[in-house]
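protein-v9.cif follows (mmCIF, C-alpha atoms):
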```
data_entry
#
loop_
_atom_site.label_atom_id
_atom_site.label_comp_id
_atom_site.auth_asym_id
_atom_site.auth_seq_id
_atom_site.Cartn_x
_atom_site.Cartn_y
_atom_site.Cartn_z
CA MET A 72 -62.24 140.95 -150.65
CA GLU A 73 -63.96 138.73 -148.19
CA LYS A 74 -64.69 135.19 -149.23
CA SER A 75 -67.24 132.74 -147.96
CA PHE A 76 -67.48 129.00 -147.78
CA VAL A 77 -69.66 127.79 -150.59
CA PHE A 78 -70.30 124.12 -151.05
CA GLU A 79 -72.46 122.12 -153.37
CA PHE A 80 -75.02 119.62 -152.23
CA LEU A 81 -77.60 117.84 -154.39
CA GLY A 82 -76.75 120.19 -157.25
CA LEU A 83 -77.57 123.28 -155.19
CA LYS A 84 -75.04 125.76 -153.94
CA PHE A 85 -75.00 126.49 -150.24
CA ASP A 86 -73.31 129.43 -148.57
CA LEU A 87 -72.14 128.59 -145.10
CA VAL A 88 -72.32 132.17 -143.77
CA GLY A 89 -76.02 132.45 -144.41
CA ILE A 90 -76.76 128.98 -143.14
CA LEU A 91 -74.77 129.43 -139.97
CA GLY A 92 -76.18 132.89 -139.22
CA SER A 93 -79.79 132.01 -139.91
CA THR A 94 -79.64 128.76 -137.96
CA LEU A 95 -78.01 130.46 -135.00
CA MET A 96 -80.58 133.22 -135.01
CA ALA A 97 -83.46 130.78 -135.42
CA LEU A 98 -82.20 129.01 -132.32
CA ALA A 99 -81.86 132.35 -130.55
CA VAL A 100 -85.45 133.29 -131.43
CA LEU A 101 -86.63 129.89 -130.28
CA PHE A 102 -84.80 130.03 -126.96
CA VAL A 103 -85.84 133.59 -126.24
CA CYS A 104 -89.46 132.71 -126.99
CA ILE A 105 -89.36 129.58 -124.86
CA TRP A 106 -87.59 131.45 -122.05
CA LEU A 107 -90.11 134.30 -122.15
CA SER A 108 -93.12 132.00 -122.16
CA LYS A 109 -91.85 129.46 -119.66
CA LYS A 110 -94.62 130.22 -117.24
CA VAL A 111 -97.78 131.46 -118.87
CA GLU A 112 -100.32 132.66 -116.35
CA MET A 113 -103.61 134.49 -116.23
CA ARG A 114 -101.90 137.19 -114.17
CA PRO A 115 -98.88 137.87 -116.36
CA ASN A 116 -95.38 137.82 -114.92
CA LYS A 117 -92.59 140.08 -116.16
CA LYS A 118 -91.30 137.77 -118.88
CA GLN A 119 -94.80 137.06 -120.04
CA ASN A 120 -95.41 140.79 -120.28
CA VAL A 121 -92.48 141.12 -122.66
CA ILE A 122 -93.63 138.41 -125.04
CA GLU A 123 -97.22 139.62 -124.81
CA TYR A 124 -96.09 143.10 -125.68
CA LEU A 125 -94.20 141.73 -128.70
CA LEU A 126 -97.18 139.68 -129.75
CA ASP A 127 -99.47 142.68 -129.37
CA PHE A 128 -97.04 144.71 -131.44
CA THR A 129 -96.96 142.25 -134.36
CA ASN A 130 -100.70 141.63 -134.05
CA GLY A 131 -101.13 145.38 -134.36
CA ILE A 132 -99.17 145.36 -137.61
CA VAL A 133 -101.37 142.56 -138.91
CA LYS A 134 -104.64 144.19 -137.84
CA ASP A 135 -103.68 147.54 -139.32
CA ASN A 136 -103.01 146.11 -142.76
CA VAL A 137 -105.18 143.02 -143.13
CA SER A 138 -108.90 143.55 -142.76
CA ASP A 139 -109.94 139.92 -143.23
CA PRO A 140 -110.40 138.44 -139.72
CA ASP A 141 -109.76 134.88 -140.85
CA ALA A 142 -106.45 135.81 -142.47
CA GLN A 143 -105.56 137.90 -139.41
CA LYS A 144 -105.66 134.81 -137.22
CA HIS A 145 -103.29 132.92 -139.48
CA LEU A 146 -100.96 135.84 -140.06
CA SER A 147 -100.49 136.59 -136.39
CA LEU A 148 -98.00 133.76 -135.96
CA TYR A 149 -96.30 134.49 -139.27
CA ALA A 150 -95.78 138.17 -138.47
CA PHE A 151 -94.57 137.38 -134.95
CA VAL A 152 -91.93 134.86 -136.04
CA LEU A 153 -90.92 136.82 -139.13
CA PHE A 154 -90.39 139.99 -137.13
CA LEU A 155 -88.33 138.32 -134.43
CA PHE A 156 -86.29 136.28 -136.92
CA ILE A 157 -85.44 139.23 -139.16
CA TRP A 158 -84.73 141.45 -136.18
CA PHE A 159 -82.30 138.93 -134.74
CA MET A 160 -80.63 138.39 -138.11
CA ASN A 161 -80.29 142.15 -138.57
CA GLN A 162 -78.65 142.54 -135.18
CA LEU A 163 -76.33 139.58 -135.55
CA GLY A 164 -73.80 141.42 -137.71
CA MET A 165 -73.78 144.37 -135.31
CA PHE A 166 -72.10 142.59 -132.47
CA LEU A 167 -70.79 139.41 -134.00
CA GLU A 168 -68.84 139.49 -137.20
CA VAL A 169 -66.40 136.63 -137.28
CA LYS A 170 -63.72 136.50 -139.90
CA VAL A 171 -61.03 133.91 -140.10
CA GLY A 172 -58.36 135.38 -142.31
CA ASP A 173 -60.23 136.49 -145.39
CA TRP A 174 -62.98 133.98 -144.81
CA MET A 175 -66.21 135.35 -143.49
CA VAL A 176 -67.76 133.00 -140.96
CA ILE A 177 -70.56 134.90 -139.24
CA LYS A 178 -72.36 138.07 -140.25
CA SER A 179 -75.96 139.21 -140.67
CA PRO A 180 -77.67 136.82 -143.07
CA THR A 181 -79.90 139.72 -144.11
CA ALA A 182 -76.84 141.56 -145.47
CA ASP A 183 -77.07 139.03 -148.29
CA PRO A 184 -79.66 139.56 -151.05
CA VAL A 185 -80.35 135.84 -151.34
CA ALA A 186 -81.62 135.75 -147.76
CA THR A 187 -83.85 138.80 -148.10
CA MET A 188 -85.14 137.58 -151.44
CA SER A 189 -85.97 134.24 -149.86
CA PHE A 190 -88.10 135.92 -147.22
CA ALA A 191 -89.67 138.26 -149.76
CA MET A 192 -90.44 135.24 -151.94
CA MET A 193 -92.02 133.53 -148.97
CA THR A 194 -94.26 136.53 -148.36
CA LEU A 195 -95.15 136.74 -152.03
CA LEU A 196 -96.07 133.05 -152.21
CA LEU A 197 -98.07 133.42 -149.01
CA SER A 198 -99.95 136.36 -150.50
CA PHE A 199 -100.78 134.27 -153.59
CA THR A 200 -101.99 131.46 -151.36
CA PHE A 201 -104.19 133.76 -149.31
CA GLY A 202 -105.56 135.38 -152.45
CA VAL A 203 -106.41 132.07 -154.08
CA GLN A 204 -107.88 130.74 -150.85
CA LYS A 205 -110.11 133.79 -150.54
CA PHE A 206 -111.33 134.25 -154.13
CA GLY A 207 -110.51 130.97 -155.88
CA VAL A 208 -108.10 130.73 -158.82
CA GLY A 209 -110.43 132.51 -161.24
CA GLY A 210 -111.34 135.26 -158.80
CA TYR A 211 -107.74 135.75 -157.86
CA LEU A 212 -106.61 136.11 -161.48
CA LYS A 213 -109.50 138.45 -162.16
CA ASN A 214 -108.23 140.74 -159.41
CA TYR A 215 -105.25 141.52 -161.65
CA THR A 216 -107.61 143.37 -163.98
CA ALA A 217 -109.07 145.36 -161.14
CA PRO A 218 -110.14 148.11 -161.00
CA VAL A 219 -109.92 148.37 -164.85
CA GLY A 220 -108.66 145.95 -167.49
CA PHE A 221 -105.83 147.99 -168.94
CA LEU A 222 -104.05 148.00 -165.58
CA LEU A 223 -103.30 144.28 -166.02
CA PRO A 224 -99.64 144.75 -167.06
CA ILE A 225 -99.05 147.25 -164.29
CA ASN A 226 -100.55 144.90 -161.72
CA ILE A 227 -98.29 142.08 -162.94
CA ILE A 228 -95.22 144.30 -162.90
CA GLU A 229 -96.22 145.37 -159.40
CA GLU A 230 -95.69 141.83 -158.17
CA PHE A 231 -92.08 141.94 -159.27
CA THR A 232 -91.46 145.41 -157.95
CA ASN A 233 -93.04 144.45 -154.65
CA PHE A 234 -90.75 141.47 -154.42
CA LEU A 235 -87.66 143.44 -155.36
CA THR A 236 -88.30 146.50 -153.20
CA LEU A 237 -89.24 144.36 -150.22
CA SER A 238 -86.08 142.27 -150.41
CA LEU A 239 -83.56 144.86 -151.59
CA ARG A 240 -84.64 147.50 -149.08
CA LEU A 241 -83.80 145.18 -146.21
CA TYR A 242 -80.63 143.94 -147.88
CA GLY A 243 -79.42 147.46 -148.70
CA ASN A 244 -79.92 148.82 -145.23
CA ILE A 245 -78.23 145.98 -143.42
CA TYR A 246 -75.47 145.57 -146.00
CA ALA A 247 -74.66 149.28 -145.89
CA GLY A 248 -74.59 149.17 -142.15
CA GLU A 249 -72.15 146.30 -142.17
CA VAL A 250 -69.97 147.90 -144.82
CA LEU A 251 -69.68 151.08 -142.85
CA LEU A 252 -69.00 149.13 -139.67
CA THR A 253 -66.27 147.18 -141.45
CA LEU A 254 -64.81 150.40 -142.76
CA LEU A 255 -64.78 151.92 -139.30
CA GLY A 256 -63.53 148.82 -137.56
CA ASP A 257 -61.03 147.62 -140.14
CA ARG A 258 -59.83 150.33 -142.43
CA LEU A 259 -60.07 153.36 -140.15
CA ALA A 260 -58.93 151.64 -137.00
CA MET A 261 -55.96 149.99 -138.63
CA SER A 262 -54.92 152.89 -140.84
CA GLY A 263 -52.86 155.02 -138.48
CA GLY A 264 -51.79 153.12 -135.42
CA PRO A 265 -53.13 153.75 -131.91
CA VAL A 266 -54.59 157.20 -132.64
CA THR A 267 -57.09 156.01 -135.20
CA LEU A 268 -57.77 152.90 -133.18
CA VAL A 269 -58.97 155.06 -130.28
CA LEU A 270 -60.80 157.40 -132.64
CA ALA A 271 -62.61 154.57 -134.39
CA ALA A 272 -64.03 153.02 -131.21
CA PRO A 273 -66.63 155.70 -130.37
CA LEU A 274 -67.52 156.11 -134.03
CA ALA A 275 -68.08 152.40 -134.37
CA MET A 276 -70.12 152.44 -131.17
CA ILE A 277 -72.34 155.25 -132.44
CA TRP A 278 -72.79 153.52 -135.76
CA GLN A 279 -73.60 150.24 -134.05
CA GLY A 280 -76.28 151.94 -131.98
CA PHE A 281 -77.70 153.53 -135.09
CA SER A 282 -77.59 150.16 -136.86
CA VAL A 283 -79.56 148.54 -134.08
CA PHE A 284 -82.16 151.22 -134.67
CA ILE A 285 -82.04 150.68 -138.44
CA GLY A 286 -82.24 146.92 -138.01
CA SER A 287 -85.35 147.27 -135.84
CA ILE A 288 -86.97 149.72 -138.24
CA GLN A 289 -86.19 147.51 -141.22
CA ALA A 290 -87.62 144.44 -139.49
CA TYR A 291 -90.74 146.44 -138.74
CA VAL A 292 -90.93 147.75 -142.31
CA PHE A 293 -90.41 144.30 -143.77
CA VAL A 294 -93.21 142.78 -141.70
CA THR A 295 -95.50 145.74 -142.29
CA LEU A 296 -95.03 145.66 -146.06
CA SER A 297 -95.47 141.87 -146.08
CA MET A 298 -98.79 142.38 -144.36
CA VAL A 299 -99.72 145.18 -146.76
CA TYR A 300 -99.09 142.95 -149.76
CA ILE A 301 -100.97 140.03 -148.24
CA GLY A 302 -103.75 142.31 -147.08
CA LYS A 303 -104.16 143.67 -150.58
CA LYS A 304 -104.71 140.16 -151.90
CA VAL A 305 -107.49 139.28 -149.50
CA THR A 306 -109.53 142.46 -149.84
CA LYS A 307 -111.77 143.21 -152.76
CA GLU A 308 -110.87 146.53 -154.30
CA MET B 240 -68.63 146.72 -157.22
CA THR B 241 -69.76 144.44 -159.98
CA LEU B 242 -72.83 142.27 -159.95
CA GLU B 243 -70.55 139.27 -159.57
CA THR B 244 -69.26 140.35 -156.19
CA LEU B 245 -72.76 141.35 -155.15
CA PHE B 246 -73.86 137.77 -155.52
CA ALA B 247 -70.84 136.37 -153.74
CA ALA B 248 -68.50 135.53 -156.56
CA SER B 249 -71.00 134.41 -159.20
CA HIS B 250 -72.64 131.85 -156.97
CA ILE B 251 -76.33 132.33 -156.65
CA TYR B 252 -76.75 129.81 -153.91
CA LEU B 253 -80.35 128.69 -154.22
CA GLY B 254 -79.57 126.09 -151.61
CA ASN B 255 -79.63 128.87 -149.02
CA THR B 256 -83.15 129.85 -150.02
CA ILE B 257 -84.36 126.35 -149.38
CA TRP B 258 -82.42 126.27 -146.13
CA TYR B 259 -83.98 129.58 -145.01
CA LEU B 260 -87.45 128.36 -145.84
CA ILE B 261 -86.93 125.09 -143.97
CA VAL B 262 -85.42 126.85 -140.96
CA PHE B 263 -88.23 129.36 -140.96
CA ALA B 264 -90.88 126.65 -141.23
CA ILE B 265 -89.36 124.68 -138.35
CA LEU B 266 -89.01 127.86 -136.31
CA LEU B 267 -92.63 128.72 -137.05
CA LEU B 268 -93.82 125.34 -135.80
CA LEU B 269 -91.65 125.34 -132.69
CA VAL B 270 -92.51 128.90 -131.73
CA LYS B 271 -96.17 128.13 -132.28
CA HIS B 272 -95.94 125.11 -130.03
CA TYR B 273 -93.82 126.58 -127.25
CA ALA B 274 -94.50 130.29 -127.19
CA TRP B 275 -97.05 131.75 -129.55
CA GLY B 276 -99.72 129.14 -128.91
CA PRO B 277 -99.81 129.24 -125.11
CA VAL B 278 -99.29 133.00 -124.90
CA SER B 279 -101.96 133.96 -127.40
CA GLU B 280 -104.30 131.40 -125.90
CA MET B 281 -103.76 132.95 -122.48
CA MET B 282 -104.27 136.43 -123.93
CA GLU B 283 -107.55 135.32 -125.47
CA LYS B 284 -108.56 133.69 -122.20
CA ARG B 285 -107.74 136.88 -120.33
CA ARG B 286 -109.72 138.88 -122.84
CA GLN B 287 -112.72 136.62 -122.30
CA LYS B 288 -112.27 136.89 -118.54
CA VAL B 289 -112.14 140.67 -118.69
CA ILE B 290 -115.30 140.69 -120.79
CA GLU B 291 -116.98 138.32 -118.34
CA ASP B 292 -115.84 140.37 -115.37
CA LEU B 293 -117.11 143.55 -116.95
CA ASP B 294 -120.43 141.91 -117.74
CA SER B 295 -120.81 140.51 -114.26
CA ALA B 296 -119.82 143.83 -112.73
CA ALA B 297 -122.46 145.56 -114.83
CA SER B 298 -125.11 143.04 -113.84
CA ASP B 299 -124.06 143.24 -110.19
CA ARG B 300 -124.36 146.98 -110.38
CA LYS B 301 -127.81 146.70 -111.88
CA LYS B 302 -128.78 144.23 -109.16
CA ALA B 303 -127.47 146.56 -106.50
CA GLU B 304 -129.42 149.42 -108.00
CA VAL B 305 -132.61 147.37 -107.95
CA LEU B 306 -131.89 146.40 -104.36
CA VAL B 307 -131.30 150.00 -103.36
CA ASN B 308 -134.57 151.02 -104.97
CA GLU B 309 -136.34 148.21 -103.19
CA ARG B 310 -134.81 149.18 -99.91
CA GLU B 311 -135.69 152.80 -100.42
CA ALA B 312 -139.27 151.90 -101.26
CA ALA B 313 -139.43 149.64 -98.21
CA LEU B 314 -138.02 152.40 -96.05
CA LYS B 315 -140.56 154.84 -97.39
CA ASP B 316 -143.33 152.29 -96.77
CA SER B 317 -142.16 151.63 -93.26
CA ARG B 318 -141.98 155.34 -92.56
CA LYS B 319 -145.50 155.72 -93.84
CA GLU B 320 -146.57 152.78 -91.74
CA ALA B 321 -144.93 154.21 -88.69
CA THR B 322 -146.74 157.49 -89.24
CA LYS B 323 -149.98 155.64 -89.65
CA ILE B 324 -149.41 153.62 -86.51
CA LEU B 325 -148.58 156.76 -84.62
CA SER B 326 -151.67 158.58 -85.83
CA ASP B 327 -153.81 155.51 -85.13
CA ALA B 328 -152.43 155.34 -81.63
CA LYS B 329 -153.10 159.01 -81.19
CA THR B 330 -156.73 158.74 -82.32
CA ASN B 331 -157.18 155.63 -80.21
CA ALA B 332 -155.77 157.34 -77.18
CA GLN B 333 -157.94 160.37 -77.84
CA LYS B 334 -160.97 158.16 -78.13
CA ALA B 335 -160.10 156.27 -74.98
CA SER B 336 -159.48 159.44 -73.04
CA ASP B 337 -162.73 160.94 -74.31
CA GLU B 338 -164.56 157.82 -73.26
CA ILE B 339 -162.95 157.84 -69.86
CA VAL B 340 -163.80 161.48 -69.33
CA ALA B 341 -167.37 160.93 -70.48
CA ASN B 342 -167.72 157.96 -68.18
CA ALA B 343 -166.30 159.96 -65.33
CA ASN B 344 -168.72 162.76 -66.06
CA ASN B 345 -171.62 160.36 -66.15
CA ASP B 346 -170.51 158.76 -62.94
CA ALA B 347 -170.10 162.10 -61.30
CA VAL B 348 -173.52 163.19 -62.43
CA SER B 349 -175.17 160.01 -61.18
CA ILE B 350 -173.28 160.16 -57.92
CA ARG B 351 -174.37 163.75 -57.44
CA LYS B 352 -177.96 162.89 -58.26
CA LYS B 353 -177.93 160.04 -55.79
CA ALA B 354 -176.33 162.23 -53.21
CA GLU B 355 -178.97 164.87 -53.79
CA ALA B 356 -181.71 162.28 -53.54
CA ASP B 357 -180.17 160.90 -50.35
CA ALA B 358 -179.90 164.33 -48.89
CA LYS B 359 -183.51 165.07 -49.74
CA GLN B 360 -184.59 161.80 -48.23
CA ALA B 361 -182.57 162.47 -45.11
CA LYS B 362 -184.06 165.91 -44.88
CA ALA B 363 -187.55 164.57 -45.33
CA ASP B 364 -186.93 161.87 -42.77
CA ALA B 365 -185.49 164.36 -40.39
CA LEU B 366 -188.44 166.65 -40.95
CA ASN B 367 -190.88 163.82 -40.40
CA ASP B 368 -189.08 162.79 -37.22
CA ALA B 369 -188.99 166.30 -36.05
CA ARG B 370 -192.66 166.74 -36.84
CA GLY B 371 -193.60 163.66 -34.73
CA GLN B 372 -191.45 164.79 -31.89
CA VAL B 373 -192.74 168.34 -32.07
CA ALA B 374 -196.26 166.96 -31.92
CA ASP B 375 -195.38 164.79 -28.93
CA ILE B 376 -193.55 167.60 -27.24
CA SER B 377 -196.31 170.06 -27.93
CA VAL B 378 -198.80 167.55 -26.62
CA ALA B 379 -196.67 167.07 -23.54
CA ILE B 380 -196.31 170.80 -23.17
CA ALA B 381 -199.97 171.25 -23.76
CA GLU B 382 -200.71 168.59 -21.17
CA LYS B 383 -198.48 170.26 -18.73
CA VAL B 384 -200.00 173.68 -19.42
CA ILE B 385 -203.47 172.33 -19.27
CA ALA B 386 -202.73 170.40 -16.09
CA LYS B 387 -201.45 173.49 -14.40
CA ASN B 388 -204.26 175.86 -15.44
CA LEU B 389 -207.32 173.74 -15.02
CA SER B 390 -209.33 174.29 -11.91
CA ALA B 391 -211.10 171.56 -10.11
CA GLU B 392 -214.34 172.63 -11.68
CA ASP B 393 -212.99 172.69 -15.09
CA GLN B 394 -211.53 169.35 -14.51
CA LYS B 395 -214.77 168.01 -13.38
CA ASP B 396 -216.43 169.43 -16.48
CA LEU B 397 -213.87 167.84 -18.68
CA VAL B 398 -214.29 164.50 -16.93
CA ASP B 399 -217.99 164.80 -17.27
CA GLN B 400 -217.80 165.62 -20.88
CA PHE B 401 -215.53 162.70 -21.29
CA ILE B 402 -217.82 160.34 -19.51
CA LYS B 403 -220.76 161.72 -21.48
CA GLY B 404 -218.92 161.01 -24.50
CA LEU B 405 -218.26 157.53 -23.40
CA ASN B 406 -221.91 157.04 -22.69
CA ASP B 407 -222.97 158.14 -26.19
#
```

Could you render the structure as structure tokens?
Amino acid sequence: MEKSFVFEFLGLKFDLVGILGSTLMALAVLFVCIWLSKKVEMRPNKKQNVIEYLLDFTNGIVKDNVSDPDAQKHLSLYAFVLFLFIWFMNQLGMFLEVKVGDWMVIKSPTADPVATMSFAMMTLLLSFTFGVQKFGVGGYLKNYTAPVGFLLPINIIEEFTNFLTLSLRLYGNIYAGEVLLTLLGDRLAMSGGPVTLVLAAPLAMIWQGFSVFIGSIQAYVFVTLSMVYIGKKVTKE
Amino acid sequence: MTLETLFAASHIYLGNTIWYLIVFAILLLLVKHYAWGPVSEMMEKRRQKVIEDLDSAASDRKKAEVLVNEREAALKDSRKEATKILSDAKTNAQKASDEIVANANNDAVSIRKKAEADAKQAKADALNDARGQVADISVAIAEKVIAKNLSAEDQKDLVDQFIKGLND
């Protein structure tokens, strides 16, 4: 079983794999963004086209799911960064999985439920904030009894299910992808000498390609559902 | 797989959550400052420019249409004017030619009248002259005839008569 470096600081437990992976990918997102928008012009250059396409893409997700124009403006940045960050973290484990002995050093941070729950929590808190900002505390709480009063428990349970489905969907997809990749790369490749080693390579390649696809889809789904949940809070039913 | 292994050997590392949130917040700010801000600002600027360009193109088009209409109207006017000038010139020329012809006719008539009068005068003069001369000639002829036919007696009678007449 793989182990990870866990250390305690200020009474909180920290897992080095997640910290390393997320920090690396945050830097990657930052550098890619800075590199793409080095020269921003009225007549867009090639790099600018790429980042503008990405921005249009995430803005499209926001506009499709949030009808409030004021919230749209604020969510544009959130959706853009969230999408890129999660996408990068999803892809990290596909091409870079560093193990030293039994110690895991680098893998996808999103293959860890704590990471996905953190981001789901962030979205949930953001949706509360937007809801309270829009309707006030009283109006926001009243929305839990909408459209009829007896739906109150269901609406409260929905918050938890939203949180869990949002985080565990991402976690499950990426974790499964990594498990299968580990199986192909470790167990299958090492099981029978050179024959299985050669056999495992194309399989791993195919699975990696598929995982890139899954990672992109999951990043898209995560951002879309985040926007759906936030959008639901800022629209009157 | 037990729940324990799922959560990485019974550690639920809340520290990571805080770390993720901090990293995400910093990333959000940096991306906003370096990439999202300038790019979305430029996109908005471009959007405004496109709107402005479309508006100005529409107004230019409208202006051009107005100009074309004006030009067409002016062309039509000038054509009308040209036709009018032409017809005016024609009527003027007709009038002038009529006048000239009438004048010429008048002149011709007066010249003919004068010529007729002159001819009449000349004829009358000639007739008068001729009459005087005929009288003189006839007198001369008569004198000559008389002088040849008169006898001495007759001549004597005539002289007598003449003298008698003188005496009376």

With the cut-off set at 8 Å and counting all atoms listed in the file, tabulate each residue of chain B with an atom at most that distance from an atom of chain A, showing the nearest atom pair and its distance in Å to one decimal, ordered by chain and increasing number, as a tab-separated table.
```
residue	atom	partner	partner_atom	distance
B:Phe246	CA	A:Pro184	CA	7.5
B:Ala247	CA	A:Ser75	CA	7.7
B:His250	CA	A:Lys84	CA	7.2
B:Ile251	CA	A:Lys84	CA	7.2
B:Tyr252	CA	A:Lys84	CA	4.4
B:Leu253	CA	A:Lys84	CA	6.1
B:Gly254	CA	A:Phe85	CA	4.8
B:Asn255	CA	A:Phe85	CA	5.3
B:Thr256	CA	A:Ser189	CA	5.2
B:Trp258	CA	A:Ile90	CA	7.0
B:Tyr259	CA	A:Ser189	CA	7.0
B:Leu260	CA	A:Ser189	CA	7.3
B:Val262	CA	A:Thr94	CA	6.8
B:Phe263	CA	A:Ala97	CA	7.4
B:Leu266	CA	A:Ala97	CA	6.3
B:Leu267	CA	A:Val152	CA	6.3
B:Leu269	CA	A:Leu101	CA	7.2
B:Val270	CA	A:Leu101	CA	6.1
B:Lys271	CA	A:Leu148	CA	7.0
B:Tyr273	CA	A:Ile105	CA	5.9
B:Ala274	CA	A:Ser108	CA	5.5
B:Trp275	CA	A:Leu148	CA	6.8
B:Pro277	CA	A:Val111	CA	6.9
B:Val278	CA	A:Val111	CA	6.4
B:Ser279	CA	A:Leu126	CA	7.8
B:Met281	CA	A:Met113	CA	6.4
B:Met282	CA	A:Glu123	CA	7.8
B:Lys284	CA	A:Met113	CA	7.8
B:Arg285	CA	A:Met113	CA	6.3
```

query = CA of Glu249 (chain A) and CA of Leu167 (chain A), how far apart in Å?
reply = 10.8 Å

task = Please write as a PyMOL selection string the full residue list that the PyMOL selection byres ((chain A and resi 211) around 10) yields on this file.
result = chain A and resi 199-210+212-216+304-305+307

request  = Between CA of Ser262 (chain A) and CA of Met276 (chain A), measure the distance and give it in Å to one decimal.
outcome  = 18.0 Å

task = Evaluate the PyMOL selection byres ((chain A and resi 255) around 12) and record the selected residues as number ranges by chain, following the chain and residue labels used in the document.
result = A: 248-254, 256-262, 267-279

task = Mind checking which residues fall within 9 Å of Val283 (chain A), counting all atoms listed in the file, ignoring those fewer than 3 positions away in the same chain, and posting them as a ChimeraX atom specification?
result = /A:161-162,165,278-280,286-288

ask   = CA of Asn345 (chain B) and CA of Ala361 (chain B), how far apart in Å?
value =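 Calculated distance between CA of Ala361 (chain B) and CA of Asn345 (chain B) is 23.8 Å.
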
All file atoms of region 97-105 of chain A boxed axis-aligned, 3 Å per side, centre plus edges, as AutoDock Vina command-line options:
```
--center_x -85.7 --center_y 131.3 --center_z -130.1 --size_x 13.6 --size_y 10.6 --size_z 16.6
```

task = Determine, counting all atoms listed in the file, every residue of protein, DNA or RNA that lies within 10 Å of (-85.6, 146.3, -148.0) in the file coordinates, then give the result as a list in words.
result = Thr181, Pro184, Thr187, Met188, Ala191, Phe234, Leu235, Thr236, Leu237, Ser238, Leu239, Arg240, Leu241, Tyr242, Gly243, Asn244, Ile245, Gln289, Ala290, Val292, Phe293 and Leu296 of chain A

task = Taking the file above as input, evaluate the PyMOL selection byres ((chain A and resi 135) around 12) and report the hits as a list in words.
result =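 On the file shown, the PyMOL selection byres ((chain A and resi 135) around 12) covers Asp127, Phe128, Thr129, Asn130, Gly131, Ile132, Val133, Lys134, Asn136, Val137, Ser138, Asp139, Pro140, Gln143, Ser147, Val294, Thr295, Leu296, Met298, Val299, Ile301, Gly302 and Lys303 of chain A.
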